[in-house]
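Have a look at coords-v1.cif below; it lists mmCIF, C-alpha atoms.
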```
data_final
loop_
_atom_site.label_atom_id
_atom_site.label_comp_id
_atom_site.auth_asym_id
_atom_site.auth_seq_id
_atom_site.Cartn_x
_atom_site.Cartn_y
_atom_site.Cartn_z
CA MET A 47 46.16 -1.74 -29.02
CA ILE A 48 42.56 -1.84 -27.75
CA PHE A 49 40.21 0.16 -29.96
CA MET A 50 37.39 1.89 -28.08
CA ILE A 51 34.31 2.62 -30.20
CA LYS A 52 32.83 5.98 -29.23
CA VAL A 53 29.05 6.32 -29.61
CA ALA A 54 26.81 9.39 -29.30
CA THR A 55 23.05 9.71 -29.71
CA ALA A 56 20.59 12.55 -30.36
CA GLU A 57 17.13 11.17 -29.58
CA CYS A 58 13.59 12.44 -29.65
CA PHE A 59 10.85 9.77 -29.54
CA THR A 60 13.23 7.19 -28.03
CA HIS A 61 13.83 9.52 -25.03
CA GLY A 62 17.53 8.68 -24.60
CA LEU A 63 16.79 4.97 -24.11
CA ILE A 64 19.18 3.94 -26.90
CA ALA A 65 22.11 5.69 -25.20
CA ARG A 66 21.11 4.30 -21.82
CA GLU A 67 20.92 0.75 -23.19
CA ILE A 68 24.29 0.86 -24.97
CA HIS A 69 25.84 2.44 -21.86
CA ALA A 70 24.45 -0.32 -19.59
CA LEU A 71 25.75 -2.97 -22.00
CA SER A 72 29.22 -1.42 -22.23
CA GLN A 73 29.53 -1.01 -18.46
CA GLY A 74 28.20 -4.50 -17.69
CA TYR A 75 25.42 -3.25 -15.37
CA GLU A 76 23.02 -5.91 -14.14
CA GLY A 77 19.47 -6.24 -12.80
CA GLU A 78 17.13 -3.26 -12.95
CA PHE A 79 20.16 -1.03 -13.60
CA GLY A 80 21.17 -3.17 -16.58
CA CYS A 81 19.89 -3.64 -20.11
CA ASP A 82 16.15 -3.70 -20.87
CA PHE A 83 16.34 -4.57 -24.55
CA LEU A 84 19.68 -6.30 -25.09
CA ASN A 85 21.38 -9.24 -23.48
CA ASN A 86 24.94 -10.34 -23.94
CA ASN A 87 23.95 -13.02 -26.41
CA ASN A 88 22.31 -10.39 -28.63
CA ALA A 89 25.35 -8.22 -28.47
CA THR A 90 27.95 -10.66 -29.64
CA PRO A 91 28.01 -13.40 -32.26
CA THR A 92 29.40 -15.82 -29.68
CA SER A 93 27.73 -16.69 -26.39
CA ASN A 94 29.76 -15.26 -23.52
CA ASP A 95 28.13 -14.14 -20.30
CA ASN A 96 31.02 -11.83 -19.44
CA TYR A 97 31.08 -10.08 -22.80
CA LYS A 98 31.41 -6.32 -22.57
CA PRO A 99 31.81 -4.66 -25.95
CA ASN A 100 34.57 -2.07 -26.00
CA ILE A 101 32.22 0.87 -26.36
CA SER A 102 32.01 4.25 -24.66
CA VAL A 103 28.81 6.28 -24.82
CA ILE A 104 30.16 9.84 -25.03
CA CYS A 105 26.71 11.35 -24.62
CA GLY A 106 23.02 10.68 -25.24
CA ILE A 107 21.08 13.83 -25.98
CA PHE A 108 17.30 13.83 -25.62
CA VAL A 109 16.27 16.73 -27.82
CA PRO A 110 12.55 17.12 -28.56
CA THR A 111 12.69 20.82 -29.52
CA VAL A 112 13.72 22.80 -32.58
CA SER A 113 15.67 25.19 -30.36
CA GLY A 114 17.60 22.22 -28.95
CA LEU A 115 18.45 21.07 -32.47
CA LYS A 116 19.68 24.58 -33.25
CA ASN A 117 21.54 25.42 -30.04
CA ILE A 118 23.02 22.05 -29.10
CA LEU A 119 23.43 20.23 -32.42
CA LYS A 120 23.83 23.34 -34.62
CA ILE A 121 21.20 21.96 -37.03
CA ASP A 122 19.17 24.30 -39.18
CA ALA A 123 16.13 21.98 -39.17
CA PRO A 124 13.08 22.29 -41.46
CA THR A 125 10.10 24.14 -39.98
CA PRO A 126 7.85 21.57 -38.23
CA SER A 127 4.26 21.18 -39.40
CA LYS A 128 3.20 21.67 -35.77
CA ILE A 129 4.77 22.50 -32.41
CA ILE A 130 3.22 21.11 -29.19
CA ARG A 131 4.47 22.87 -26.07
CA GLY A 132 7.85 23.40 -27.72
CA VAL A 133 8.04 19.89 -29.23
CA LYS A 134 8.53 19.62 -33.00
CA VAL A 135 6.14 17.49 -35.08
CA TYR A 136 7.18 16.31 -38.58
CA ASP A 137 5.73 13.78 -40.98
CA GLU A 138 7.67 10.60 -41.72
CA ASN A 139 9.66 11.92 -44.68
CA TYR A 140 10.92 14.91 -42.74
CA ASP A 141 11.56 12.72 -39.69
CA LYS A 142 13.91 10.52 -41.73
CA GLN A 143 15.77 13.56 -43.08
CA VAL A 144 16.05 15.19 -39.65
CA ALA A 145 17.14 11.91 -37.98
CA ALA A 146 20.01 11.70 -40.48
CA LEU A 147 21.02 15.30 -39.72
CA MET A 148 20.86 14.54 -35.98
CA ALA A 149 22.99 11.38 -36.29
CA LYS A 150 25.70 13.17 -38.26
CA ALA A 151 25.65 16.30 -36.07
CA VAL A 152 25.91 14.46 -32.75
CA LYS A 153 28.71 12.26 -34.13
CA ASP A 154 30.64 15.32 -35.24
CA ILE A 155 30.22 17.57 -32.20
CA SER A 156 31.03 14.77 -29.75
CA GLU A 157 33.90 13.43 -31.89
CA ALA A 158 32.31 9.96 -31.80
CA ASP A 159 32.80 7.07 -34.24
CA ILE A 160 29.07 6.34 -34.50
CA GLY A 161 26.15 8.78 -34.19
CA ILE A 162 22.50 7.76 -33.77
CA GLY A 163 19.56 10.10 -34.43
CA THR A 164 15.84 9.54 -33.84
CA THR A 165 12.69 11.64 -34.26
CA ALA A 166 9.02 10.78 -34.78
CA GLY A 167 5.95 12.95 -35.20
CA ILE A 168 3.21 11.58 -37.45
CA GLY A 169 4.16 8.24 -39.02
CA ARG A 170 6.67 5.53 -38.25
CA GLY A 171 9.37 8.08 -37.42
CA GLY A 172 12.97 8.33 -38.55
CA ILE A 173 16.02 6.49 -37.21
CA ALA A 174 19.53 7.10 -38.54
CA ILE A 175 22.87 5.56 -37.65
CA SER A 176 25.92 7.29 -39.02
CA THR A 177 29.52 6.13 -39.26
CA GLU A 178 32.43 7.90 -40.94
CA GLU A 179 31.53 6.27 -44.27
CA LEU A 180 27.77 5.82 -44.35
CA THR A 181 24.41 6.61 -42.80
CA VAL A 182 21.69 3.97 -42.44
CA VAL A 183 18.22 5.57 -42.43
CA THR A 184 15.13 3.62 -41.43
CA THR A 185 11.85 3.86 -39.46
CA SER A 186 10.53 2.29 -36.26
CA GLY A 187 8.23 0.13 -38.41
CA PHE A 188 5.16 1.19 -36.37
CA TYR A 189 2.79 4.09 -37.10
CA ALA A 190 1.79 6.54 -34.37
CA ASP A 191 0.67 10.16 -34.21
CA LEU A 192 2.25 12.43 -31.61
CA THR A 193 -0.63 14.88 -31.91
CA SER A 194 -3.20 12.23 -30.93
CA PHE A 195 -1.76 11.93 -27.38
CA CYS A 196 -2.44 8.17 -27.61
CA SER A 197 0.14 6.98 -25.08
CA PRO A 198 -0.12 3.21 -25.81
CA GLN A 199 0.61 3.80 -29.51
CA LEU A 200 3.44 6.23 -28.75
CA LEU A 201 4.91 3.74 -26.29
CA LYS A 202 4.76 0.90 -28.83
CA ARG A 203 6.43 3.05 -31.51
CA GLN A 204 9.13 4.00 -29.01
CA LYS A 205 9.89 0.40 -27.99
CA LYS A 206 9.98 -0.78 -31.60
CA GLY A 207 12.21 2.16 -32.49
CA VAL A 208 14.70 1.44 -29.72
CA LYS A 209 14.87 -2.26 -30.70
CA LYS A 210 15.30 -1.46 -34.41
CA ALA A 211 18.05 1.09 -33.73
CA LEU A 212 19.94 -1.30 -31.44
CA ASN A 213 19.55 -4.13 -33.94
CA ILE A 214 21.07 -2.05 -36.74
CA PHE A 215 23.74 -0.59 -34.45
CA LEU A 216 24.91 -4.11 -33.50
CA ALA A 217 24.81 -5.22 -37.15
CA ILE A 218 27.09 -2.27 -37.99
CA LEU A 219 29.47 -3.23 -35.16
CA ASN A 220 29.52 -6.80 -36.51
CA ASP A 221 29.94 -5.56 -40.09
CA ASP A 222 26.81 -7.52 -41.06
CA MET A 223 25.31 -5.54 -43.95
CA GLY A 224 23.05 -8.47 -44.84
CA LYS A 225 21.22 -8.15 -41.52
CA ILE A 226 20.73 -4.43 -42.09
CA MET A 227 19.35 -4.95 -45.60
CA ASP A 228 16.92 -7.63 -44.32
CA HIS A 229 14.73 -4.72 -43.17
CA ASP A 230 12.38 -3.56 -45.93
CA ASP A 231 12.53 0.13 -45.02
CA VAL A 232 16.26 0.81 -44.99
CA LEU A 233 18.04 3.43 -47.06
CA LEU A 234 21.83 3.69 -47.23
CA GLN A 235 23.50 7.06 -47.75
CA MET A 236 27.22 7.21 -48.46
CA ASN A 237 28.74 10.11 -46.54
CA ASP A 238 30.96 12.68 -48.13
CA VAL A 239 34.18 11.40 -46.55
CA ARG A 240 37.03 13.82 -46.95
CA ILE A 241 40.56 12.52 -46.81
CA LYS A 242 42.51 14.43 -44.18
CA ASP A 243 45.58 16.33 -45.40
CA MET B 229 0.98 36.52 -22.12
CA ILE B 230 1.75 32.88 -21.31
CA PHE B 231 5.25 32.40 -19.96
CA MET B 232 6.90 29.10 -20.98
CA ILE B 233 9.63 27.92 -18.59
CA LYS B 234 12.47 26.34 -20.57
CA VAL B 235 14.38 23.54 -18.82
CA ALA B 236 17.58 21.73 -19.83
CA THR B 237 19.47 18.94 -18.05
CA ALA B 238 23.00 17.51 -18.19
CA GLU B 239 22.87 14.21 -16.35
CA CYS B 240 25.29 11.46 -15.46
CA PHE B 241 24.15 9.04 -12.73
CA THR B 242 20.47 9.90 -13.28
CA HIS B 243 20.77 8.76 -16.94
CA GLY B 244 18.47 11.42 -18.40
CA LEU B 245 15.55 10.34 -16.20
CA ILE B 246 15.04 13.85 -14.79
CA ALA B 247 14.55 15.30 -18.28
CA ARG B 248 12.28 12.42 -19.28
CA GLU B 249 10.14 12.89 -16.18
CA ILE B 250 9.73 16.65 -16.56
CA HIS B 251 9.00 16.15 -20.27
CA ALA B 252 6.29 13.55 -19.55
CA LEU B 253 4.74 15.87 -16.96
CA SER B 254 4.77 18.88 -19.28
CA GLN B 255 3.26 16.92 -22.18
CA GLY B 256 0.62 15.20 -20.04
CA TYR B 257 1.65 11.68 -21.08
CA GLU B 258 -0.12 8.87 -19.27
CA GLY B 259 0.38 5.20 -18.38
CA GLU B 260 3.76 3.57 -18.99
CA PHE B 261 4.68 6.52 -21.22
CA GLY B 262 3.90 8.95 -18.41
CA CYS B 263 5.60 9.98 -15.19
CA ASP B 264 7.36 7.43 -12.98
CA PHE B 265 8.24 9.70 -10.08
CA LEU B 266 5.79 12.61 -10.21
CA ASN B 267 2.06 12.87 -10.30
CA ASN B 268 -0.02 15.90 -10.97
CA ASN B 269 -0.68 16.43 -7.27
CA ASN B 270 3.05 16.61 -6.61
CA ALA B 271 3.54 19.09 -9.34
CA THR B 272 1.08 21.71 -8.28
CA PRO B 273 -0.03 23.09 -4.95
CA THR B 274 -3.66 22.56 -5.90
CA SER B 275 -5.18 19.23 -6.89
CA ASN B 276 -6.07 19.26 -10.57
CA ASP B 277 -5.95 16.10 -12.67
CA ASN B 278 -5.57 18.04 -15.89
CA TYR B 279 -2.72 20.21 -14.67
CA LYS B 280 0.11 20.56 -17.18
CA PRO B 281 2.80 22.97 -16.05
CA ASN B 282 3.86 25.37 -18.77
CA ILE B 283 7.30 23.85 -19.20
CA SER B 284 9.33 22.89 -22.25
CA VAL B 285 12.28 20.51 -21.90
CA ILE B 286 14.71 21.92 -24.47
CA CYS B 287 17.08 18.98 -24.08
CA GLY B 288 18.24 16.35 -21.61
CA ILE B 289 21.87 15.40 -22.10
CA PHE B 290 23.16 12.14 -20.65
CA VAL B 291 26.87 12.80 -20.42
CA PRO B 292 28.97 10.26 -18.48
CA THR B 293 32.32 11.14 -20.08
CA VAL B 294 34.91 13.88 -19.66
CA SER B 295 35.08 14.28 -23.44
CA GLY B 296 31.31 14.84 -23.50
CA LEU B 297 31.63 17.53 -20.83
CA LYS B 298 34.33 19.18 -22.93
CA ASN B 299 32.86 18.83 -26.42
CA ILE B 300 29.14 19.27 -25.73
CA LEU B 301 29.02 21.46 -22.61
CA LYS B 302 32.37 23.24 -23.15
CA ILE B 303 33.33 22.49 -19.54
CA ASP B 304 36.98 22.24 -18.58
CA ALA B 305 36.28 19.66 -15.85
CA PRO B 306 38.74 18.56 -13.13
CA THR B 307 40.73 15.39 -13.87
CA PRO B 308 38.72 12.41 -12.52
CA SER B 309 40.33 10.17 -9.89
CA LYS B 310 39.49 7.21 -12.13
CA ILE B 311 38.04 6.55 -15.59
CA ILE B 312 36.07 3.33 -16.24
CA ARG B 313 35.60 2.62 -19.94
CA GLY B 314 35.45 6.33 -20.65
CA VAL B 315 33.24 7.17 -17.64
CA LYS B 316 34.53 9.76 -15.17
CA VAL B 317 34.68 8.94 -11.45
CA TYR B 318 34.90 11.77 -8.88
CA ASP B 319 34.51 11.87 -5.11
CA GLU B 320 31.53 13.70 -3.61
CA ASN B 321 33.17 17.12 -3.29
CA TYR B 322 34.21 17.16 -6.92
CA ASP B 323 30.81 15.76 -7.98
CA LYS B 324 29.07 18.73 -6.36
CA GLN B 325 31.40 21.18 -8.08
CA VAL B 326 31.04 19.48 -11.47
CA ALA B 327 27.24 19.20 -11.14
CA ALA B 328 27.09 22.97 -10.62
CA LEU B 329 29.26 23.53 -13.72
CA MET B 330 27.01 21.17 -15.72
CA ALA B 331 23.79 22.88 -14.59
CA LYS B 332 25.07 26.33 -15.55
CA ALA B 333 26.61 25.16 -18.83
CA VAL B 334 23.54 23.31 -20.10
CA LYS B 335 21.32 26.25 -19.14
CA ASP B 336 23.54 28.65 -21.05
CA ILE B 337 24.15 26.63 -24.25
CA SER B 338 20.48 25.69 -24.59
CA GLU B 339 19.26 29.18 -23.65
CA ALA B 340 17.04 27.66 -20.96
CA ASP B 341 15.63 29.31 -17.84
CA ILE B 342 16.59 26.43 -15.55
CA GLY B 343 19.54 24.04 -15.89
CA ILE B 344 19.93 20.80 -13.93
CA GLY B 345 23.26 18.95 -13.56
CA THR B 346 23.97 15.56 -11.93
CA THR B 347 27.07 13.40 -11.49
CA ALA B 348 28.03 10.69 -8.98
CA GLY B 349 31.15 8.59 -8.62
CA ILE B 350 32.12 7.62 -5.06
CA GLY B 351 29.77 9.13 -2.46
CA ARG B 352 26.28 10.54 -2.51
CA GLY B 353 26.93 12.38 -5.77
CA GLY B 354 26.22 15.96 -6.78
CA ILE B 355 22.96 17.53 -7.95
CA ALA B 356 22.71 21.17 -9.01
CA ILE B 357 19.77 23.27 -10.20
CA SER B 358 20.61 26.62 -11.66
CA THR B 359 18.39 29.60 -12.43
CA GLU B 360 19.45 33.01 -13.65
CA GLU B 361 19.99 34.18 -10.06
CA LEU B 362 21.12 31.17 -8.06
CA THR B 363 22.33 27.60 -8.05
CA VAL B 364 21.11 25.04 -5.52
CA VAL B 365 23.72 22.33 -4.91
CA THR B 366 22.90 19.13 -3.04
CA THR B 367 23.48 15.34 -3.03
CA SER B 368 21.28 12.30 -3.65
CA GLY B 369 21.39 11.59 0.10
CA PHE B 370 22.51 7.98 -0.52
CA TYR B 371 26.08 6.65 -0.68
CA ALA B 372 27.22 4.38 -3.51
CA ASP B 373 30.48 3.59 -5.25
CA LEU B 374 30.53 3.47 -9.05
CA THR B 375 33.77 1.46 -9.01
CA SER B 376 32.17 -1.34 -6.94
CA PHE B 377 29.78 -2.28 -9.80
CA CYS B 378 27.12 -2.92 -7.13
CA SER B 379 24.03 -2.39 -9.26
CA PRO B 380 21.41 -2.39 -6.44
CA GLN B 381 23.29 0.42 -4.63
CA LEU B 382 23.80 2.39 -7.85
CA LEU B 383 20.11 1.98 -8.69
CA LYS B 384 19.04 3.19 -5.24
CA ARG B 385 21.33 6.25 -5.45
CA GLN B 386 19.93 7.00 -8.91
CA LYS B 387 16.27 6.81 -7.79
CA LYS B 388 16.91 8.94 -4.72
CA GLY B 389 18.83 11.43 -6.87
CA VAL B 390 16.03 11.76 -9.41
CA LYS B 391 13.42 12.28 -6.67
CA LYS B 392 15.58 14.84 -4.84
CA ALA B 393 16.27 16.79 -8.02
CA LEU B 394 12.58 16.84 -9.00
CA ASN B 395 11.57 17.85 -5.47
CA ILE B 396 13.93 20.84 -5.50
CA PHE B 397 13.03 21.72 -9.10
CA LEU B 398 9.32 21.90 -8.18
CA ALA B 399 10.12 23.93 -5.04
CA ILE B 400 12.00 26.42 -7.24
CA LEU B 401 9.02 26.59 -9.63
CA ASN B 402 6.73 27.23 -6.65
CA ASP B 403 9.20 29.76 -5.17
CA ASP B 404 9.26 27.69 -1.96
CA MET B 405 12.74 28.29 -0.53
CA GLY B 406 11.64 26.85 2.80
CA LYS B 407 11.11 23.44 1.24
CA ILE B 408 14.56 23.58 -0.35
CA MET B 409 16.25 24.50 2.94
CA ASP B 410 14.46 21.64 4.72
CA HIS B 411 17.14 19.37 3.23
CA ASP B 412 20.22 19.17 5.47
CA ASP B 413 22.73 18.96 2.60
CA VAL B 414 21.80 21.98 0.50
CA LEU B 415 24.16 24.80 -0.45
CA LEU B 416 22.98 27.97 -2.21
CA GLN B 417 25.29 29.80 -4.59
CA MET B 418 24.30 33.22 -5.87
CA ASN B 419 25.18 33.48 -9.56
CA ASP B 420 27.10 36.37 -10.99
CA VAL B 421 24.11 37.97 -12.76
CA ARG B 422 25.14 40.67 -15.17
CA ILE B 423 22.68 43.37 -16.11
CA LYS B 424 22.37 43.53 -19.87
CA ASP B 425 23.31 46.84 -21.52
#
```
How would this structure read if it were set down as structure tokens?
Amino acid sequence: MIFMIKVATAECFTHGLIAREIHALSQGYEGEFGCDFLNNNNATPTSNDNYKPNISVICGIFVPTVSGLKNILKIDAPTPSKIIRGVKVYDENYDKQVAALMAKAVKDISEADIGIGTTAGIGRGGIAISTEELTVVTTSGFYADLTSFCSPQLLKRQKKGVKKALNIFLAILNDDMGKIMDHDDVLLQMNDVRIKD
Amino acid sequence: MIFMIKVATAECFTHGLIAREIHALSQGYEGEFGCDFLNNNNATPTSNDNYKPNISVICGIFVPTVSGLKNILKIDAPTPSKIIRGVKVYDENYDKQVAALMAKAVKDISEADIGIGTTAGIGRGGIAISTEELTVVTTSGFYADLTSFCSPQLLKRQKKGVKKALNIFLAILNDDMGKIMDHDDVLLQMNDVRIKD
């Protein structure tokens, strides 16, 4: 039996790029339509040009607004410290909490095996990757301030965030906890797994 | 009173790029973080470098799978003619029908003013833009076949689809029905608007 790993993302500062990248990898797209951040050698422990991981991206939700969190993900999110043209702005601590809520919510509503959540206001942002058993919470590793409208900084935080999320996602697929814990800003949360009747 | 136009997208072959573009425009992002397809002169009838339309992108959902349509958008979609690693493949007629369902569904669940839906399997694909009163249904204008894995063709269809969708979206914002009807593959559907009690 071939096991298909179902992935879903709920992304803010990464603008849906994580979903797009995993989708391009799983479908084997090439050239400008293919991966920007990953190559096949990154994605598998063995070098194989024809490698396509058995993944299906169920959905990738770009959700910069509190109303989107509420209406689409059914998250009762904390009140943001600021709202810019509908876009929520949190500090780093709240971003990490909200990213974890987003990862779990998108996994649950899409019936996926892995959920990924991202959000970043002022600080390094929050990134969370949730499986049935655990949630890995981390940051992009790069400080930026959404309220400063400094596009180069925002762009750098976004790129670092996408790379970090993909790196941890692949480490989870490869069951490589050592690689995850190599990062100095990672927190593991064990989920409340309920045994089905 | 300032009226904020709320926009939501449910995208397949356009990979969330329509939402990203409208979001970048509305937030006034610049450089590589800014718009790829639009500039401020496209977006407004008058030239004004500081123009930011009063728009909020509630969410942009990349949803290539039937299960995503069902679980996120609550759409009971037609059975695809083919499924490639979880991704639905329709012909052009079905794509247009499903795009219209996606546009209406994402508008409704996100409580947006305008919903945009896109999907493309074999053919020019379907693009739909739905307001409270009507839905504009069209195609990308460029033929491609998702099952051929021909990335340059898929990329060209995607770019043409994003531009066409943005063009019609801006025409709707500017209440310019003439510009919409200039396209030779546009169908208008009047929505069943119910007057609230």
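Considering the residues B:Arg352, B:Met418, B:Gln386, B:Thr359 and counting all atoms listed in the file, Asp403 (chain B) has its shortest atom-to-atom contact with B:Thr359.
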May I have a table of the residues of chain A lying at most 8 Å from chain B, giving each one's closest pair of atoms and their distance in Å to one decimal, counting all atoms listed in the file, ordered by chain and ascending residue number, as CSV?
```
residue,atom,partner,partner_atom,distance
A:His61,CA,B:Arg248,CA,6.6
A:Gly62,CA,B:Gly244,CA,6.8
A:Ala65,CA,B:Phe290,CA,8.0
A:Arg66,CA,B:His243,CA,6.6
A:Ser72,CA,B:Arg313,CA,7.9
A:Gln73,CA,B:Arg313,CA,7.2
A:Tyr75,CA,B:Ser379,CA,6.3
A:Glu76,CA,B:Ser379,CA,6.1
A:Gly77,CA,B:Ser379,CA,6.9
A:Glu78,CA,B:Leu383,CA,7.4
A:Phe79,CA,B:Leu383,CA,5.8
A:Gly80,CA,B:Ser379,CA,7.9
A:Asn100,CA,B:Arg313,CA,7.7
A:Ile101,CA,B:Arg313,CA,7.5
A:Ser102,CA,B:Gly314,CA,5.7
A:Val103,CA,B:Pro292,CA,7.5
A:Ile104,CA,B:Gly296,CA,5.4
A:Cys105,CA,B:Val291,CA,4.4
A:Gly106,CA,B:Phe290,CA,4.8
A:Ile107,CA,B:Ile289,CA,4.3
A:Phe108,CA,B:Gly288,CA,4.8
A:Val109,CA,B:Cys287,CA,4.4
A:Pro110,CA,B:Cys287,CA,6.6
A:Thr111,CA,B:Ile286,CA,5.5
A:Ser113,CA,B:Ile286,CA,6.8
A:Gly114,CA,B:Ile286,CA,5.3
A:Asn117,CA,B:Ser338,CA,5.6
A:Ile118,CA,B:Ser338,CA,6.3
A:Arg131,CA,B:Ser284,CA,6.2
A:Gly132,CA,B:Ser284,CA,5.7
A:Val133,CA,B:Ser284,CA,7.7
A:Ile155,CA,B:Asn299,CA,6.5
A:Ser156,CA,B:Asn299,CA,5.6
A:Glu157,CA,B:Asn299,CA,7.8
A:Phe195,CA,B:Tyr257,CA,7.2
A:Ser197,CA,B:Phe261,CA,6.0
A:Pro198,CA,B:Phe261,CA,7.4
A:Leu200,CA,B:Phe261,CA,7.6
A:Leu201,CA,B:Phe261,CA,5.8
```
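CA of Asp159 (chain A) is positioned 22.9 Å from CA of Ser186 (chain A).
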Worksheet entry | Pairwise distance for CA of Ala356 (chain B) and CA of Ala252 (chain B), rounded to one decimal in Å | 20.9 Å
Extending 4 Å beyond the listed atoms of region 416-420 of chain B on each side, what axis-aligned box results? I want centre and edge lengths in Å to one decimal, as AutoDock Vina command-line options.
```
--center_x 25.0 --center_y 32.2 --center_z -6.6 --size_x 12.1 --size_y 16.4 --size_z 16.8
```
